[in-house]
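> Supplied structure: query-v5.txt, compact mmCIF, C-alpha atoms and all ligand atoms.
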```txt
# COMPACT_ATOMS: atom_id res chain seq x y z
CA MET A 1 18.17 14.27 -9.91
CA ALA A 2 18.93 17.88 -10.78
CA LYS A 3 15.32 18.97 -11.32
CA GLN A 4 13.33 20.38 -8.43
CA CYS A 5 9.59 20.56 -8.10
CA ASN A 6 6.74 21.83 -5.96
CA VAL A 7 5.05 19.04 -4.01
CA ALA A 8 1.74 18.94 -2.14
CA VAL A 9 1.10 16.22 0.43
CA VAL A 10 -2.67 15.91 0.83
CA GLY A 11 -3.58 14.27 4.16
CA ALA A 12 -0.17 15.17 5.57
CA THR A 13 -1.30 14.69 9.19
CA GLY A 14 -2.48 11.09 8.66
CA ALA A 15 -0.69 7.76 9.10
CA VAL A 16 0.25 7.59 5.40
CA GLY A 17 0.89 11.34 5.08
CA GLN A 18 3.37 11.29 7.96
CA GLN A 19 5.17 8.36 6.40
CA MET A 20 5.13 10.18 3.06
CA LEU A 21 7.11 13.04 4.63
CA GLU A 22 9.65 10.62 6.08
CA VAL A 23 10.10 8.78 2.79
CA LEU A 24 10.42 12.01 0.75
CA ALA A 25 13.14 13.20 3.12
CA GLU A 26 14.98 9.85 3.27
CA ARG A 27 15.06 9.59 -0.51
CA ASN A 28 16.17 13.23 -0.91
CA PHE A 29 13.26 13.98 -3.19
CA PRO A 30 14.19 17.33 -4.76
CA ILE A 31 11.48 19.59 -3.36
CA LYS A 32 11.46 23.33 -4.10
CA GLU A 33 8.22 24.09 -2.25
CA LEU A 34 6.44 21.67 0.08
CA ARG A 35 2.74 22.29 0.75
CA LEU A 36 1.07 20.28 3.51
CA LEU A 37 -2.71 19.99 3.20
CA ALA A 38 -5.36 18.55 5.50
CA SER A 39 -8.80 19.37 6.93
CA GLU A 40 -9.86 22.43 8.94
CA ARG A 41 -9.05 20.42 12.10
CA SER A 42 -5.34 20.64 11.31
CA VAL A 43 -4.96 24.07 9.75
CA GLY A 44 -2.21 25.97 11.56
CA LYS A 45 -0.55 22.87 13.04
CA PHE A 46 3.14 22.43 12.30
CA LEU A 47 4.71 19.26 10.94
CA GLU A 48 8.41 18.58 10.65
CA TYR A 49 10.03 17.88 7.31
CA ASN A 50 13.80 17.49 7.01
CA GLY A 51 14.31 19.25 10.34
CA GLU A 52 12.12 22.24 9.41
CA GLN A 53 8.61 23.11 10.60
CA HIS A 54 5.92 23.49 7.93
CA MET A 55 2.42 24.80 8.62
CA VAL A 56 -0.57 22.72 7.54
CA GLN A 57 -2.90 24.48 5.13
CA LEU A 58 -6.50 23.82 4.16
CA LEU A 59 -7.29 21.43 1.35
CA ASP A 60 -9.49 23.54 -0.89
CA LYS A 61 -9.87 24.25 -4.59
CA ASP A 62 -7.12 26.91 -4.60
CA ALA A 63 -4.58 24.74 -2.78
CA PHE A 64 -2.82 23.42 -5.90
CA GLU A 65 -1.67 26.65 -7.56
CA GLY A 66 1.92 26.12 -8.77
CA ILE A 67 2.09 22.48 -7.59
CA ASP A 68 3.87 19.99 -9.89
CA ILE A 69 3.20 16.74 -7.99
CA ALA A 70 0.35 16.13 -5.53
CA LEU A 71 0.56 13.05 -3.31
CA PHE A 72 -2.95 12.24 -2.03
CA SER A 73 -3.75 10.22 1.10
CA ALA A 74 -6.81 11.88 2.62
CA GLY A 75 -9.49 9.29 1.83
CA GLY A 76 -11.48 8.41 -1.28
CA ALA A 77 -14.01 11.24 -1.10
CA ARG A 78 -11.25 13.89 -1.03
CA SER A 79 -9.40 12.20 -3.90
CA GLU A 80 -12.54 11.98 -5.97
CA GLU A 81 -13.22 15.68 -5.51
CA PHE A 82 -9.73 17.17 -5.49
CA CYS A 83 -7.59 15.07 -7.87
CA PRO A 84 -9.38 16.54 -10.93
CA ILE A 85 -9.01 20.04 -9.43
CA ALA A 86 -5.28 19.51 -8.80
CA ALA A 87 -4.82 18.04 -12.29
CA ALA A 88 -6.64 21.00 -13.88
CA ALA A 89 -4.23 23.30 -11.99
CA GLY A 90 -1.33 21.47 -13.66
CA ALA A 91 -0.31 18.97 -10.97
CA ILE A 92 0.29 15.30 -11.62
CA CYS A 93 -1.56 13.42 -8.87
CA VAL A 94 -0.42 10.18 -7.24
CA ASP A 95 -3.43 8.89 -5.33
CA ASN A 96 -3.38 6.41 -2.44
CA SER A 97 -7.14 6.00 -2.13
CA SER A 98 -9.28 3.51 -4.03
CA ALA A 99 -11.19 6.29 -5.83
CA TRP A 100 -9.42 6.10 -9.20
CA ARG A 101 -7.77 2.66 -9.21
CA MET A 102 -10.16 0.90 -11.55
CA ASP A 103 -10.74 3.88 -13.88
CA PRO A 104 -9.59 2.67 -17.32
CA GLU A 105 -8.04 6.10 -17.97
CA VAL A 106 -5.92 5.99 -14.80
CA PRO A 107 -2.77 3.85 -14.60
CA LEU A 108 -2.50 1.65 -11.49
CA VAL A 109 1.18 1.21 -10.79
CA VAL A 110 3.66 -0.80 -8.77
CA PRO A 111 7.06 0.43 -10.01
CA GLU A 112 8.67 -3.03 -9.73
CA VAL A 113 5.84 -4.54 -11.80
CA ASN A 114 4.38 -2.16 -14.41
CA PRO A 115 6.33 1.14 -14.42
CA GLN A 116 5.62 1.45 -18.16
CA ASP A 117 1.94 2.16 -17.38
CA ILE A 118 2.87 5.54 -15.86
CA ALA A 119 3.17 6.81 -19.46
CA GLN A 120 -0.65 6.77 -19.64
CA TYR A 121 -1.07 9.32 -16.84
CA GLY A 122 -1.94 12.14 -19.25
CA LYS A 123 -5.62 11.31 -19.83
CA LYS A 124 -6.66 12.37 -16.33
CA GLY A 125 -3.38 13.58 -14.79
CA ILE A 126 -3.80 10.92 -12.09
CA ILE A 127 -1.76 7.82 -11.27
CA ALA A 128 -3.27 5.43 -8.72
CA ASN A 129 -1.34 3.62 -6.02
CA PRO A 130 -2.79 0.12 -5.54
CA ASN A 131 -4.17 -1.25 -2.29
CA CYS A 132 -1.43 -2.05 0.24
CA SER A 133 -2.20 -5.79 0.21
CA THR A 134 -2.11 -5.90 -3.58
CA ILE A 135 1.22 -4.07 -3.82
CA GLN A 136 3.23 -6.49 -1.68
CA MET A 137 1.58 -9.53 -3.24
CA LEU A 138 2.46 -8.43 -6.77
CA VAL A 139 6.03 -7.40 -5.93
CA ALA A 140 6.51 -11.01 -4.79
CA LEU A 141 4.56 -12.68 -7.61
CA LYS A 142 5.88 -10.68 -10.59
CA PRO A 143 9.12 -12.71 -11.09
CA LEU A 144 7.19 -15.99 -10.74
CA HIS A 145 4.50 -14.81 -13.17
CA ASP A 146 7.15 -13.80 -15.72
CA ALA A 147 8.88 -17.19 -15.43
CA ALA A 148 5.94 -19.59 -15.25
CA LYS A 149 2.66 -17.67 -15.83
CA ILE A 150 0.43 -17.72 -12.79
CA THR A 151 -3.08 -18.97 -13.57
CA ARG A 152 -4.63 -18.81 -10.08
CA ILE A 153 -3.90 -17.08 -6.76
CA VAL A 154 -5.45 -17.97 -3.39
CA VAL A 155 -4.48 -15.41 -0.75
CA SER A 156 -5.29 -14.92 2.93
CA THR A 157 -4.10 -11.73 4.61
CA TYR A 158 -3.16 -10.84 8.17
CA GLN A 159 -3.38 -7.05 8.08
CA ALA A 160 -2.05 -4.54 10.60
CA VAL A 161 -4.30 -1.91 12.17
CA SER A 162 -2.18 0.93 10.75
CA GLY A 163 -3.83 0.03 7.44
CA THR A 164 -6.98 1.69 8.81
CA GLY A 165 -5.16 4.87 9.85
CA ARG A 166 -4.03 6.61 13.02
CA ASN A 167 -7.34 6.15 14.94
CA ALA A 168 -7.05 2.39 14.58
CA ILE A 169 -3.47 2.42 15.88
CA ASP A 170 -4.81 4.21 18.98
CA GLU A 171 -7.70 1.76 19.30
CA LEU A 172 -5.42 -1.29 19.42
CA ARG A 173 -3.09 0.41 21.90
CA ILE A 174 -5.89 1.56 24.21
CA GLN A 175 -7.87 -1.72 24.03
CA SER A 176 -4.73 -3.74 24.81
CA GLY A 177 -4.03 -1.62 27.91
CA GLU A 178 -7.63 -1.74 29.13
CA LEU A 179 -8.00 -5.49 28.70
CA LEU A 180 -4.65 -6.26 30.31
CA ASN A 181 -5.83 -4.22 33.29
CA GLY A 182 -9.10 -6.15 33.52
CA ARG A 183 -11.24 -3.35 32.14
CA PRO A 184 -13.69 -3.61 29.19
CA ALA A 185 -12.55 -2.46 25.73
CA ASP A 186 -14.47 0.23 23.83
CA CYS A 187 -14.87 -0.40 20.09
CA GLU A 188 -15.02 2.74 17.94
CA VAL A 189 -13.02 2.13 14.78
CA TYR A 190 -13.80 -1.58 14.32
CA PRO A 191 -17.18 -3.25 14.93
CA HIS A 192 -15.57 -5.75 17.34
CA GLN A 193 -12.63 -5.87 19.74
CA ILE A 194 -9.36 -5.93 17.76
CA ALA A 195 -6.96 -6.48 20.69
CA PHE A 196 -6.24 -10.22 21.13
CA ASN A 197 -8.66 -10.97 18.27
CA CYS A 198 -8.82 -11.48 14.46
CA LEU A 199 -11.55 -9.89 12.33
CA PRO A 200 -12.31 -11.53 8.96
CA HIS A 201 -13.67 -8.22 7.74
CA ILE A 202 -11.81 -5.34 6.04
CA ASP A 203 -13.76 -2.54 4.37
CA VAL A 204 -17.45 -3.05 3.57
CA PHE A 205 -19.25 -6.27 2.62
CA LEU A 206 -20.45 -6.50 -0.99
CA ASP A 207 -23.44 -8.33 -2.49
CA ASN A 208 -21.29 -11.34 -3.43
CA GLY A 209 -20.37 -11.95 0.23
CA TYR A 210 -16.77 -10.78 -0.23
CA THR A 211 -15.45 -7.57 1.30
CA LYS A 212 -14.41 -4.60 -0.83
CA GLU A 213 -10.79 -5.20 0.31
CA GLU A 214 -10.96 -8.78 -1.02
CA MET A 215 -12.34 -7.64 -4.38
CA LYS A 216 -9.65 -4.93 -4.60
CA MET A 217 -7.05 -7.71 -4.50
CA VAL A 218 -8.87 -9.56 -7.32
CA ASN A 219 -9.52 -6.62 -9.64
CA GLU A 220 -6.30 -4.68 -9.05
CA THR A 221 -4.17 -7.79 -9.66
CA ARG A 222 -5.79 -8.30 -13.05
CA LYS A 223 -5.34 -4.64 -14.01
CA ILE A 224 -1.68 -4.43 -12.95
CA PHE A 225 -0.70 -7.76 -14.53
CA GLY A 226 -2.78 -6.81 -17.60
CA ASP A 227 -4.40 -10.26 -17.52
CA ASP A 228 -8.14 -10.66 -16.95
CA SER A 229 -7.90 -14.43 -17.14
CA ILE A 230 -5.92 -14.80 -13.92
CA GLY A 231 -8.02 -16.37 -11.14
CA VAL A 232 -7.74 -14.62 -7.79
CA THR A 233 -9.61 -15.33 -4.56
CA ALA A 234 -8.92 -13.56 -1.28
CA THR A 235 -9.82 -13.64 2.42
CA THR A 236 -8.67 -10.48 4.17
CA VAL A 237 -8.30 -10.46 7.94
CA ARG A 238 -7.45 -7.67 10.41
CA VAL A 239 -5.08 -8.84 13.14
CA PRO A 240 -3.79 -7.13 16.30
CA VAL A 241 -0.47 -6.08 14.78
CA PHE A 242 0.50 -2.39 14.58
CA TYR A 243 2.63 -2.27 11.41
CA SER A 244 3.13 -4.57 8.36
CA HIS A 245 0.72 -6.85 6.56
CA SER A 246 1.44 -10.59 6.25
CA GLU A 247 0.00 -12.79 3.51
CA SER A 248 -0.28 -16.52 2.93
CA ILE A 249 -0.25 -16.93 -0.86
CA ASN A 250 -0.88 -20.08 -2.88
CA ILE A 251 -0.31 -19.94 -6.63
CA GLU A 252 -0.87 -22.30 -9.54
CA THR A 253 1.36 -21.84 -12.57
CA GLU A 254 1.24 -22.96 -16.20
CA LYS A 255 4.89 -24.10 -16.08
CA LYS A 256 6.29 -26.08 -13.16
CA LEU A 257 8.53 -24.10 -10.78
CA SER A 258 10.41 -25.87 -8.03
CA ALA A 259 10.73 -24.17 -4.67
CA GLU A 260 14.45 -23.76 -5.36
CA GLN A 261 13.80 -22.10 -8.74
CA ALA A 262 11.27 -19.76 -7.12
CA ARG A 263 13.75 -18.89 -4.37
CA GLU A 264 16.38 -18.01 -6.96
CA LEU A 265 13.99 -15.90 -9.05
CA LEU A 266 12.87 -14.03 -5.94
CA ALA A 267 16.43 -13.52 -4.72
CA ASN A 268 17.12 -11.54 -7.93
CA ALA A 269 13.82 -9.64 -8.02
CA PRO A 270 13.67 -5.87 -7.40
CA GLY A 271 12.13 -4.86 -4.08
CA VAL A 272 12.25 -8.39 -2.63
CA ARG A 273 14.30 -9.93 0.15
CA VAL A 274 14.13 -13.71 0.54
CA VAL A 275 14.01 -14.70 4.22
CA ASP A 276 13.68 -18.45 4.03
CA ASP A 277 15.98 -20.43 6.27
CA VAL A 278 13.74 -22.57 8.44
CA ALA A 279 16.69 -24.53 9.82
CA ASN A 280 17.65 -21.29 11.57
CA LEU A 281 14.00 -20.32 12.24
CA GLU A 282 14.22 -17.47 9.72
CA TYR A 283 11.06 -16.44 7.92
CA PRO A 284 9.39 -13.07 7.21
CA LEU A 285 8.02 -11.32 10.30
CA ALA A 286 5.89 -8.19 10.60
CA VAL A 287 8.25 -6.70 13.17
CA ASP A 288 11.20 -7.12 10.79
CA ALA A 289 9.35 -5.70 7.77
CA ALA A 290 8.22 -2.56 9.65
CA GLY A 291 10.18 0.61 8.95
CA GLN A 292 11.86 -0.57 5.74
CA ASP A 293 10.85 -0.87 2.09
CA LEU A 294 11.53 -4.42 0.94
CA THR A 295 8.87 -7.10 0.58
CA LEU A 296 10.01 -10.11 2.58
CA VAL A 297 9.27 -13.54 1.09
CA GLY A 298 9.74 -16.91 2.77
CA ARG A 299 8.22 -20.31 3.62
CA ILE A 300 8.57 -21.08 -0.10
CA ARG A 301 7.18 -24.57 -0.62
CA GLU A 302 5.85 -26.66 -3.48
CA ASP A 303 2.12 -27.28 -3.09
CA GLU A 304 2.07 -31.06 -2.97
CA SER A 305 -1.69 -31.22 -3.63
CA ILE A 306 -1.42 -30.02 -7.29
CA ALA A 307 0.98 -30.44 -10.23
CA ASN A 308 2.28 -26.85 -10.50
CA GLY A 309 1.79 -24.94 -7.27
CA LEU A 310 3.70 -22.97 -4.68
CA ASN A 311 3.02 -21.61 -1.20
CA LEU A 312 4.63 -18.38 0.04
CA TRP A 313 4.53 -16.14 3.13
CA VAL A 314 4.90 -12.48 2.14
CA VAL A 315 5.31 -9.55 4.53
CA ALA A 316 5.76 -5.79 3.94
CA ASP A 317 5.28 -2.47 5.74
CA ASN A 318 1.80 -1.31 4.65
CA LEU A 319 2.48 2.36 5.37
CA ARG A 320 5.77 2.33 3.45
CA LYS A 321 5.82 -0.05 0.46
CA GLY A 322 2.03 -0.42 0.74
CA ALA A 323 1.48 3.33 0.47
CA ALA A 324 4.09 6.09 0.90
CA THR A 325 7.17 4.48 -0.64
CA ASN A 326 5.25 3.17 -3.65
CA ALA A 327 3.81 6.66 -4.22
CA VAL A 328 7.20 8.36 -3.91
CA GLN A 329 8.77 5.80 -6.28
CA ILE A 330 6.06 6.72 -8.81
CA ALA A 331 6.73 10.43 -8.20
CA GLU A 332 10.45 9.85 -8.85
CA ILE A 333 9.65 8.30 -12.25
CA VAL A 334 7.23 11.15 -13.03
CA LEU A 335 9.90 13.70 -12.16
CA GLU A 336 12.58 11.96 -14.19
CA LYS A 337 10.51 11.27 -17.30
CA TYR A 338 7.52 13.58 -17.45
CA LEU A 339 8.26 16.93 -15.79
N1 LIG A 401 -2.95 3.17 6.12
C1 LIG A 401 -2.54 2.45 5.09
O1 LIG A 401 -1.79 1.45 5.22
C2 LIG A 401 -2.97 2.82 3.70
C3 LIG A 401 -2.41 2.12 2.64
C4 LIG A 401 -2.78 2.46 1.35
C5 LIG A 401 -3.67 3.47 1.14
N2 LIG A 401 -4.23 4.14 2.21
C6 LIG A 401 -5.18 5.22 1.92
O2 LIG A 401 -4.62 6.47 2.30
C7 LIG A 401 -5.65 7.35 2.75
C8 LIG A 401 -5.31 7.88 4.13
O3 LIG A 401 -5.14 6.80 5.02
P1 LIG A 401 -4.48 6.96 6.46
O4 LIG A 401 -4.30 5.57 6.93
O5 LIG A 401 -3.33 7.88 6.41
O6 LIG A 401 -5.69 7.65 7.29
P2 LIG A 401 -5.63 8.60 8.58
O7 LIG A 401 -4.47 8.29 9.42
O8 LIG A 401 -6.99 8.52 9.17
O9 LIG A 401 -5.41 10.08 7.96
C9 LIG A 401 -6.41 10.72 7.19
C10 LIG A 401 -5.85 12.00 6.59
O10 LIG A 401 -6.85 12.56 5.73
C11 LIG A 401 -7.11 13.91 6.12
N3 LIG A 401 -8.51 14.27 5.93
C12 LIG A 401 -9.61 13.62 6.39
N4 LIG A 401 -10.72 14.30 6.05
C13 LIG A 401 -10.33 15.39 5.37
C14 LIG A 401 -11.00 16.49 4.77
N5 LIG A 401 -12.32 16.61 4.79
N6 LIG A 401 -10.25 17.43 4.14
C15 LIG A 401 -8.91 17.34 4.11
N7 LIG A 401 -8.21 16.35 4.68
C16 LIG A 401 -8.92 15.38 5.29
C17 LIG A 401 -6.79 13.94 7.61
O11 LIG A 401 -6.56 15.27 8.02
P3 LIG A 401 -6.93 15.79 9.50
O12 LIG A 401 -5.75 15.44 10.36
O13 LIG A 401 -7.06 17.26 9.31
O14 LIG A 401 -8.16 15.11 9.93
C18 LIG A 401 -5.51 13.07 7.62
O15 LIG A 401 -4.42 13.81 7.19
C19 LIG A 401 -6.95 6.56 2.67
O16 LIG A 401 -7.57 6.85 1.43
C20 LIG A 401 -6.49 5.13 2.70
O17 LIG A 401 -7.39 4.25 2.06
C21 LIG A 401 -3.89 3.84 3.48
```
Could you express the structure from this file as structure tokens?


Amino acid sequence: MAKQCNVAVVGATGAVGQQMLEVLAERNFPIKELRLLASERSVGKFLEYNGEQHMVQLLDKDAFEGIDIALFSAGGARSEEFCPIAAAAGAICVDNSSAWRMDPEVPLVVPEVNPQDIAQYGKKGIIANPNCSTIQMLVALKPLHDAAKITRIVVSTYQAVSGTGRNAIDELRIQSGELLNGRPADCEVYPHQIAFNCLPHIDVFLDNGYTKEEMKMVNETRKIFGDDSIGVTATTVRVPVFYSHSESINIETEKKLSAEQARELLANAPGVRVVDDVANLEYPLAVDAAGQDLTLVGRIREDESIANGLNLWVVADNLRKGAATNAVQIAEIVLEKYL
């Protein structure tokens, strides 16, 4: 990549923002000027990028002057307010929040699945990054959908606390220490103890009894696959794991796929690593997925209760492929094709 551009990282001090800086540096993203933005709390702090210290500046309406690409991970309210301001100043925004994902004028993109949709960024100047749980599920299901057309997905998630941000990482760490020392655990980020516990509750509850996280998996899957007929039902669970989300996925397909055929399709799919050797006790693990970008897929089995069904166990790093890496991959395509 010979071109260089000016990049703003909005929410640079957060769990995703920090990972964004690491991924940009690792992938040698050609940055001319890097602008780190956050709230008043962080103004004046220094963050390291590529061995150099950069001062955090305030996210305000003048922060996007001269910026070509703005990578947002500062929460939905900030994205709702500032993506249009950044776009009006000439930046192309890649947004990690849920604010713009279901807007029909905003493409929702997983580069391994629907990179062609990036071409529609021009209506609002915004490209949305899907929910972390949706991204890894669709990276794994895309080759199976192409080969056999998935008609229904039943998914249960086991999601790491880093998906809630840096305060939740601290909460699990502190609660674990307190409880192991026989002291009571304070709950601030989650409504119940997360250490040594599982919470079947991610994001807010909706009128239909599902959580917003569960409905994100339903609606985002349909938008990204471009198929409103696909049945999706989800149960999303927070577990006491620091990094990487795990998912148990059951699919029904129009055409029969054997486990062996699925394994072969997945072995050749972009962004996937098959880890499926139970004889040697090898299957995807959160600790192995953390810190790298591939979506690990294993425990591939035919569902013996239906004619055309498969079960899979899918694991990926939620801060990397589920957020920062997916956003930087989108930014790389934007830079190559649209700047
Ligand atoms: N964690 C994940 O796995 C994940 C995955 C996909 C998408 N996301 C999305 O990414 C976003 C950030 O998540 P996170 O996990 O990184 O959260 P986090 O660790 O809590 O970080 C939040 C970031 O937002 C900034 N911020 C908060 N209020 C602000 C304000 N009023 N003005 C400017 N900046 C403000 C914070 O800056 P200060 O340091 O100044 O407070 C910090 O940089 C959320 O929208 C989340 O839904 C997260």

> Can you work out which one of A:Glu264, A:Glu254, A:Glu213, A:Asp68 has the shortest atom-to-atom distance to ligand LIG 401 (chain A), counting only C-alpha atoms and all ligand atoms?

A:Glu213

> Given only C-alpha atoms as the basis, pick out the residue of A:Leu144, A:Ala290, A:Val237, A:Val161 nearest to Gln261 (chain A).

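The closest residue to Gln261 (chain A) is A:Leu144.
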
> Rank nothing, just name the residue among A:Asp146, A:Glu252, A:Glu178, A:Glu282 nearest to Glu304 (chain A), using all atoms listed in the file.

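Closest residue, counting all atoms listed in the file: A:Glu252.
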
> I'd like the neighbourhood of Val155 (chain A) as number ranges by chain, where a residue qualifies if any of its atoms comes within 12 Å (using only C-alpha atoms), though same-chain residues fewer than 4 positions away should be ignored.

A: 133-134, 136-138, 141, 214-215, 217-218, 221, 231-237, 246-252, 310-314

> Could you save those same residues with C-alpha atoms as a compact mmCIF listing (two decimals), keeping the file's coordinate frame?


```txt
# COMPACT_ATOMS: atom_id res chain seq x y z
CA SER A 133 -2.20 -5.79 0.21
CA THR A 134 -2.11 -5.90 -3.58
CA GLN A 136 3.23 -6.49 -1.68
CA MET A 137 1.58 -9.53 -3.24
CA LEU A 138 2.46 -8.43 -6.77
CA LEU A 141 4.56 -12.68 -7.61
CA GLU A 214 -10.96 -8.78 -1.02
CA MET A 215 -12.34 -7.64 -4.38
CA MET A 217 -7.05 -7.71 -4.50
CA VAL A 218 -8.87 -9.56 -7.32
CA THR A 221 -4.17 -7.79 -9.66
CA GLY A 231 -8.02 -16.37 -11.14
CA VAL A 232 -7.74 -14.62 -7.79
CA THR A 233 -9.61 -15.33 -4.56
CA ALA A 234 -8.92 -13.56 -1.28
CA THR A 235 -9.82 -13.64 2.42
CA THR A 236 -8.67 -10.48 4.17
CA VAL A 237 -8.30 -10.46 7.94
CA SER A 246 1.44 -10.59 6.25
CA GLU A 247 0.00 -12.79 3.51
CA SER A 248 -0.28 -16.52 2.93
CA ILE A 249 -0.25 -16.93 -0.86
CA ASN A 250 -0.88 -20.08 -2.88
CA ILE A 251 -0.31 -19.94 -6.63
CA GLU A 252 -0.87 -22.30 -9.54
CA LEU A 310 3.70 -22.97 -4.68
CA ASN A 311 3.02 -21.61 -1.20
CA LEU A 312 4.63 -18.38 0.04
CA TRP A 313 4.53 -16.14 3.13
CA VAL A 314 4.90 -12.48 2.14
```

> Could you jot down the CA of Asp170 (chain A) to CA of Pro284 (chain A) separation for me, Å, one decimal place?

25.3 Å

> Using all atoms listed in the file, what are the residues with an atom within 7 Å of ligand LIG 401 (chain A), set out as a ChimeraX atom specification?

/A:10-17,37-42,58-59,73-76,78,96-98,131-132,162-167,318-319,322-323

> Tell me, in Å to one decimal, how far CA of Pro115 (chain A) is from CA of Ile135 (chain A).

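Distance reported for this atom pair: 12.9 Å.
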